[in-house]
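A.B. asks: Before I ask anything, here is the structure I am working with.
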There are 2 protein chains.
Amino acid sequence: MNIKMTIEYDGSGFCGWQRQNNQRTVQGEVEKLLKKFFNQPITIDGSGRTDSGVHSMGQVATFKSNGSFAPEKLKLIMNRLLPKDIFIKELDEVDLDFHGRYSAKKKKYIYKIDRSEDRSVFTRKHYCHYTKPLNLEAMKEATKFFIGEHDFTAFRAKGSGNINPVREVYEINFQEEGNFLEIEFIGNGFLYKMVRIMVATLLDVGTGKLEPADIADIIISKDRDRAKKTAPPEGLYLAEVYY
Amino acid sequence: MNIKMTIEYDGSGFCGWQRQNNQRTVQGEVEKLLKKFFNQPITIDGSGRTDSGVHSMGQVATFKSNGSFAPEKLKLIMNRLLPKDIFIKELDEVDLDFHGRYSAKKKKYIYKIDRSEDRSVFTRKHYCHYTKPLNLEAMKEATKFFIGEHDFTAFRAKGSGNINPVREVYEINFQEEGNFLEIEFIGNGFLYKMVRIMVATLLDVGTGKLEPADIADIIISKDRDRAKKTAPPEGLYLAEVYY
């Protein structure tokens, strides 16, 4: 059987998605439980990694098993036994050639910002706290330059290997509600820390440090030193993976 | 100088408000910082205790100091040095006879309930997750019996000593937004765990286990065994203290 899981997690208590020795990770916790259930090591293939502190509303992972079981039942048992900061939203049998990473076509990330003047003890792990005044119109204008297929070398963290740096960004949307701002990114994929670097650059546009058109220059430059900052992980959510 | 602080805290990381040896408490953390600042032990007087896991949007505490300093400056420094789960919202000089506990006239508590079908990794520390269908009209009807001055012996936890069990409840209000329900309690004071016991009893009315008028019976009975349950701490917020 090939099983597809859609997984929600609160990233604040994890050293990211990927299994690591002696670190608490989401993949590690899920595999540990599956090993108990199936009495053998199980490897799950996530749609991609998320960094330490980054959350998920819709990470997808697949695994293969020889056992025969009712997916709905496994889901119930897992949600009872998993730590409270992981929740399996869906668990279904899928075609054998379906793969969490290779089959992914599009991804949606959401970045949440709390613009309240005071820091909040309640939002601190799930929003980026940002107090500088922002020109949202300029930020929206700037997003136009991200849309489309580009070489995003300037917007990926160093140490991400020599993966093809060309990605297509389909949509960037803003949602405001009171002091809360959400920026939604949809693309065919995102490079290492690319969303957080785009957010930091958009915030620089919002404060007037950069002009919207500077985004085009930075992309063309392929120079990571032009897009220096990385927005903090606590605001970032992997929201959906499309297949 | 007599100083009044209004303190917000995320109760999920604390063994409650009150200072205890070898336990992380809000009072303990604030006093530890004040001791560093004033180079001598400082005792703060909170408006009352909150239990392990219970939050505050508006706990008030006072302390006296011989030093002379600008309150606004102390507030800034404290908010920079305090752990991220404590925030001083206000810090002002007040009359010498003002006291965090003895001067309190009224308190407001809010109890937050997440009625979503699935448990949420994001709300788990700040809402009580409750999935049974609720008859809100019956619950609202039931609150009428709490309003007024009553002997609330049936609604206080054992081990709360022989404090006068008479309290006056002024208002109980409901707010619904999507899957979220908030119940607000305003009274001249609340006994140990009284709000959480009232909430659990109201939920029993909501599910039909109790009739609204049973509340009157339970109050008159002064029998704690009639109001058996206590709602979990993660939904409870000390919202405001009135002087």
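To be explicit about the labels: the chains of the structure tokens are called A, B, and onward in the order shown, and within each one the residues are counted from 1, while ligands get numbers from 1 in the order they are shown.
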Would you mind listing, as a CSV table (one decimal) with N, CA and C atoms, in the first residue's frame, all residues of chain A that have at least one atom within 8 Å of chain B, where only C-alpha atoms are what counts?
C.D. replies:
```csv
chain,number,residue,atom,x,y,z
A,8,GLU,N,-0.4,18.5,9.8
A,8,GLU,CA,-0.4,19.9,10.4
A,8,GLU,C,0.6,19.8,11.5
A,9,TYR,N,1.5,20.8,11.7
A,9,TYR,CA,2.3,20.8,12.9
A,9,TYR,C,2.7,22.2,13.3
A,10,ASP,N,2.9,22.4,14.6
A,10,ASP,CA,3.3,23.6,15.2
A,10,ASP,C,4.8,23.5,15.2
A,84,LYS,N,1.1,16.3,20.8
A,84,LYS,CA,0.1,17.3,20.6
A,84,LYS,C,0.4,18.4,19.5
A,85,ASP,N,1.7,18.5,19.2
A,85,ASP,CA,2.0,19.5,18.2
A,85,ASP,C,2.1,18.9,16.8
A,86,ILE,N,1.6,17.7,16.6
A,86,ILE,CA,1.5,17.1,15.2
A,86,ILE,C,0.1,16.6,15.1
A,87,PHE,N,-0.5,16.8,13.9
A,87,PHE,CA,-1.9,16.2,13.7
A,87,PHE,C,-2.0,15.8,12.2
A,119,ARG,N,4.8,43.6,21.7
A,119,ARG,CA,4.9,42.2,21.5
A,119,ARG,C,3.8,41.5,22.2
A,120,SER,N,3.4,40.4,21.7
A,120,SER,CA,2.3,39.6,22.4
A,120,SER,C,2.8,38.3,22.8
A,121,VAL,N,2.5,37.9,24.1
A,121,VAL,CA,2.9,36.6,24.6
A,121,VAL,C,2.2,35.5,23.9
A,122,PHE,N,1.0,35.8,23.3
A,122,PHE,CA,0.2,34.8,22.8
A,122,PHE,C,0.5,34.5,21.3
A,124,ARG,N,3.5,35.1,19.9
A,124,ARG,CA,5.0,35.1,19.6
A,124,ARG,C,5.5,33.9,18.8
A,126,HIS,N,3.7,32.1,16.6
A,126,HIS,CA,3.0,31.8,15.4
A,126,HIS,C,2.8,33.0,14.4
```
A.B. asks: Find the spatial neighbours of Lys132 of chain B, counting only C-alpha atoms, within a cut-off of 10 Å - ignore same-chain residues fewer than 2 positions away - and output them as a tab-separated table (two decimals) with C-alpha atoms, in the first residue's frame.
C.D. replies:
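Just written: result_15.tsv:
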```tsv
chain	number	residue	atom	x	y	z
B	115	ARG	CA	-15.24	23.77	18.98
B	116	SER	CA	-13.54	22.56	15.77
B	117	GLU	CA	-14.00	18.88	15.06
B	129	HIS	CA	-10.87	21.91	22.68
B	130	TYR	CA	-14.47	20.73	23.03
B	134	LEU	CA	-23.78	22.54	22.49
B	135	ASN	CA	-27.17	24.13	23.04
B	203	LEU	CA	-20.94	22.70	29.23
B	206	GLY	CA	-25.02	22.68	26.80
B	207	THR	CA	-24.93	18.93	26.16
```
A.B. asks: Determine, for each residue of segment 164-190 of chain A having at least one atom at most 12 Å from an atom of segment 213-225 of chain A, the closest pair of atoms and their separation in Å to one decimal, counting only C-alpha atoms; order by chain and ascending number, as CSV.
C.D. replies:
```
residue,atom,partner,partner_atom,distance
A:Pro165,CA,A:Lys222,CA,9.8
A:Val166,CA,A:Ile219,CA,10.9
A:Arg167,CA,A:Ile219,CA,11.7
```
A.B. asks: What separation in Å, quoted to one decimal, exists between atom CA of Tyr170 of chain B and atom CA of Gly187 of chain B?
C.D. replies: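 Atom CA of Tyr170 of chain B sits 5.0 Å away from atom CA of Gly187 of chain B.
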A.B. asks: Skipping near chain neighbours, those fewer than 6 positions away, what residues fall within 10 Å of Phe38 of chain B using only C-alpha atoms, listed as a list in words?
C.D. replies: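 Those residues are Ser65, Asn66 and Gly67 of chain B.
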A.B. asks: Please report the interatomic distance between atom CA of Val30 of chain B and atom CA of Ser52 of chain B in Å with one decimal.
C.D. replies: 16.2 Å
A.B. asks: One decimal, in Å: what's the spacing between atom CA of Leu191 of chain A and atom CA of Gly13 of chain A?
C.D. replies: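 Calculated distance between atom CA of Leu191 of chain A and atom CA of Gly13 of chain A is 23.3 Å.
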A.B. asks: Among segment 46-215 of chain B, which ones does DSSP assign to helix (DSSP H, G or I) (computed from the backbone)? Answer as a PyMOL selection string.
C.D. replies: chain B and resi 71-81+136-143+153-155+194-206+214-215
A.B. asks: Restrict the selected residues to C-alpha atoms and save them as a PDB file, in the first residue's frame.
C.D. replies:
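What follows is the written file result.pdb:
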```pdb
ATOM      1  CA  PRO B  71       8.321  54.127  35.566  1.00  0.00           C
ATOM      2  CA  GLU B  72       8.230  54.310  31.750  1.00  0.00           C
ATOM      3  CA  LYS B  73      11.926  53.470  31.629  1.00  0.00           C
ATOM      4  CA  LEU B  74      11.624  50.554  34.042  1.00  0.00           C
ATOM      5  CA  LYS B  75       8.784  49.168  31.911  1.00  0.00           C
ATOM      6  CA  LEU B  76      10.945  49.299  28.758  1.00  0.00           C
ATOM      7  CA  ILE B  77      13.898  47.632  30.458  1.00  0.00           C
ATOM      8  CA  MET B  78      11.740  44.921  32.020  1.00  0.00           C
ATOM      9  CA  ASN B  79      10.053  44.091  28.731  1.00  0.00           C
ATOM     10  CA  ARG B  80      13.464  43.750  27.131  1.00  0.00           C
ATOM     11  CA  LEU B  81      14.783  41.437  29.858  1.00  0.00           C
ATOM     12  CA  LEU B 136     -26.001  27.688  23.574  1.00  0.00           C
ATOM     13  CA  GLU B 137     -29.477  28.959  24.376  1.00  0.00           C
ATOM     14  CA  ALA B 138     -29.699  26.544  27.296  1.00  0.00           C
ATOM     15  CA  MET B 139     -26.246  27.632  28.469  1.00  0.00           C
ATOM     16  CA  LYS B 140     -27.239  31.295  28.351  1.00  0.00           C
ATOM     17  CA  GLU B 141     -30.433  30.483  30.233  1.00  0.00           C
ATOM     18  CA  ALA B 142     -28.349  28.688  32.869  1.00  0.00           C
ATOM     19  CA  THR B 143     -26.084  31.691  33.482  1.00  0.00           C
ATOM     20  CA  THR B 153     -19.249  26.500  48.095  1.00  0.00           C
ATOM     21  CA  ALA B 154     -20.436  23.993  45.468  1.00  0.00           C
ATOM     22  CA  PHE B 155     -18.259  25.740  42.886  1.00  0.00           C
ATOM     23  CA  MET B 194     -14.641  28.625  40.522  1.00  0.00           C
ATOM     24  CA  VAL B 195     -14.630  29.870  36.919  1.00  0.00           C
ATOM     25  CA  ARG B 196     -13.416  26.527  35.565  1.00  0.00           C
ATOM     26  CA  ILE B 197     -16.039  24.639  37.609  1.00  0.00           C
ATOM     27  CA  MET B 198     -18.768  27.022  36.349  1.00  0.00           C
ATOM     28  CA  VAL B 199     -17.580  26.462  32.771  1.00  0.00           C
ATOM     29  CA  ALA B 200     -17.651  22.665  33.116  1.00  0.00           C
ATOM     30  CA  THR B 201     -21.163  22.887  34.571  1.00  0.00           C
ATOM     31  CA  LEU B 202     -22.324  25.185  31.768  1.00  0.00           C
ATOM     32  CA  LEU B 203     -20.936  22.695  29.234  1.00  0.00           C
ATOM     33  CA  ASP B 204     -22.988  19.961  30.920  1.00  0.00           C
ATOM     34  CA  VAL B 205     -26.026  22.183  30.419  1.00  0.00           C
ATOM     35  CA  GLY B 206     -25.019  22.679  26.796  1.00  0.00           C
ATOM     36  CA  ASP B 214     -30.171  22.563  37.967  1.00  0.00           C
ATOM     37  CA  ILE B 215     -27.630  25.328  38.493  1.00  0.00           C
TER      38      ILE B 215
END
```
A.B. asks: Taking 4 positions as the minimum chain separation for residues in the same chain, which residues sit within 7 Å of Val169 of chain B when counting only C-alpha atoms? Answer as a list in words.
C.D. replies: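 Skipping anything fewer than 4 positions along the chain leaves Phe146, Ile147, Gly148, Glu149, Ile186, Gly187 and Asn188 of chain B.
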A.B. asks: Given the selection you just returned, output its residues as a file containing N, CA and C atoms, formatted as a compact mmCIF listing (two decimals), in the first residue's frame.
C.D. replies:
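Saved as again_28.txt:
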```
# COMPACT_ATOMS: atom_id res chain seq x y z
N PHE B 146 -26.43 31.91 38.01
CA PHE B 146 -25.15 32.29 38.64
C PHE B 146 -25.13 33.76 39.05
N ILE B 147 -25.88 34.59 38.30
CA ILE B 147 -25.82 36.04 38.53
C ILE B 147 -26.35 36.37 39.93
N GLY B 148 -25.68 37.30 40.59
CA GLY B 148 -26.10 37.74 41.92
C GLY B 148 -25.15 37.24 42.99
N GLU B 149 -25.51 37.51 44.24
CA GLU B 149 -24.67 37.12 45.36
C GLU B 149 -25.10 35.76 45.87
N ILE B 186 -17.76 38.27 34.92
CA ILE B 186 -17.38 39.44 35.71
C ILE B 186 -18.02 39.31 37.09
N GLY B 187 -17.19 39.46 38.12
CA GLY B 187 -17.71 39.34 39.48
C GLY B 187 -16.82 40.09 40.45
N ASN B 188 -17.27 40.17 41.72
CA ASN B 188 -16.43 40.90 42.70
C ASN B 188 -15.24 40.06 43.14
```
A.B. asks: Running DSSP on the backbone, which parts of chain A land in strand (DSSP E), as number ranges by chain?
C.D. replies: A: 2-9, 45-46, 55-64, 86-94, 106-114, 128-129, 148-151, 166-177, 180-187, 236-242
A.B. asks: Any idea what's packed within 12 Å of Gln175 of chain A, counting only C-alpha atoms, ignoring anything in its chain fewer than 5 positions away? Could you give it as JSON, numbers by chain?
C.D. replies: {"A": [110, 111, 112, 113, 136, 140, 180, 181, 182, 183, 184, 185]}
A.B. asks: Next, dump the selected residues to file, keeping only C-alpha atoms, as a CSV table (one decimal), in the first residue's frame.
C.D. replies:
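result02.csv, written as the output of this step:
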```csv
chain,number,residue,atom,x,y,z
A,110,ILE,CA,1.6,31.8,4.1
A,111,TYR,CA,3.6,34.3,6.1
A,112,LYS,CA,1.8,35.8,9.1
A,113,ILE,CA,2.8,39.2,10.6
A,136,LEU,CA,1.2,48.1,1.7
A,140,LYS,CA,1.8,44.9,-3.5
A,180,PHE,CA,-2.6,41.1,11.4
A,181,LEU,CA,-1.1,40.8,7.9
A,182,GLU,CA,-0.9,37.6,5.9
A,183,ILE,CA,1.1,37.2,2.7
A,184,GLU,CA,0.3,34.2,0.6
A,185,PHE,CA,2.8,32.8,-1.9
```
A.B. asks: Which polymer residues have any atom within 10 Å of an atom of Ala104 of chain B, counting only C-alpha atoms, with same-chain residues fewer than 5 positions away left out, as a list in words?
C.D. replies: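 Within the cut-off, the hits are Gly46, Ser47, Gly48, Val60, Phe98, His99, Asn188, Gly189, Val241, Tyr242 and Tyr243 of chain B.
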A.B. asks: Using only C-alpha atoms, which residue out of B:Asn173, B:Ser68, B:Asn164, B:Gln59 lies closest to Glu240 of chain B?
C.D. replies: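 Closest to Glu240 of chain B, using only C-alpha atoms: B:Gln59.
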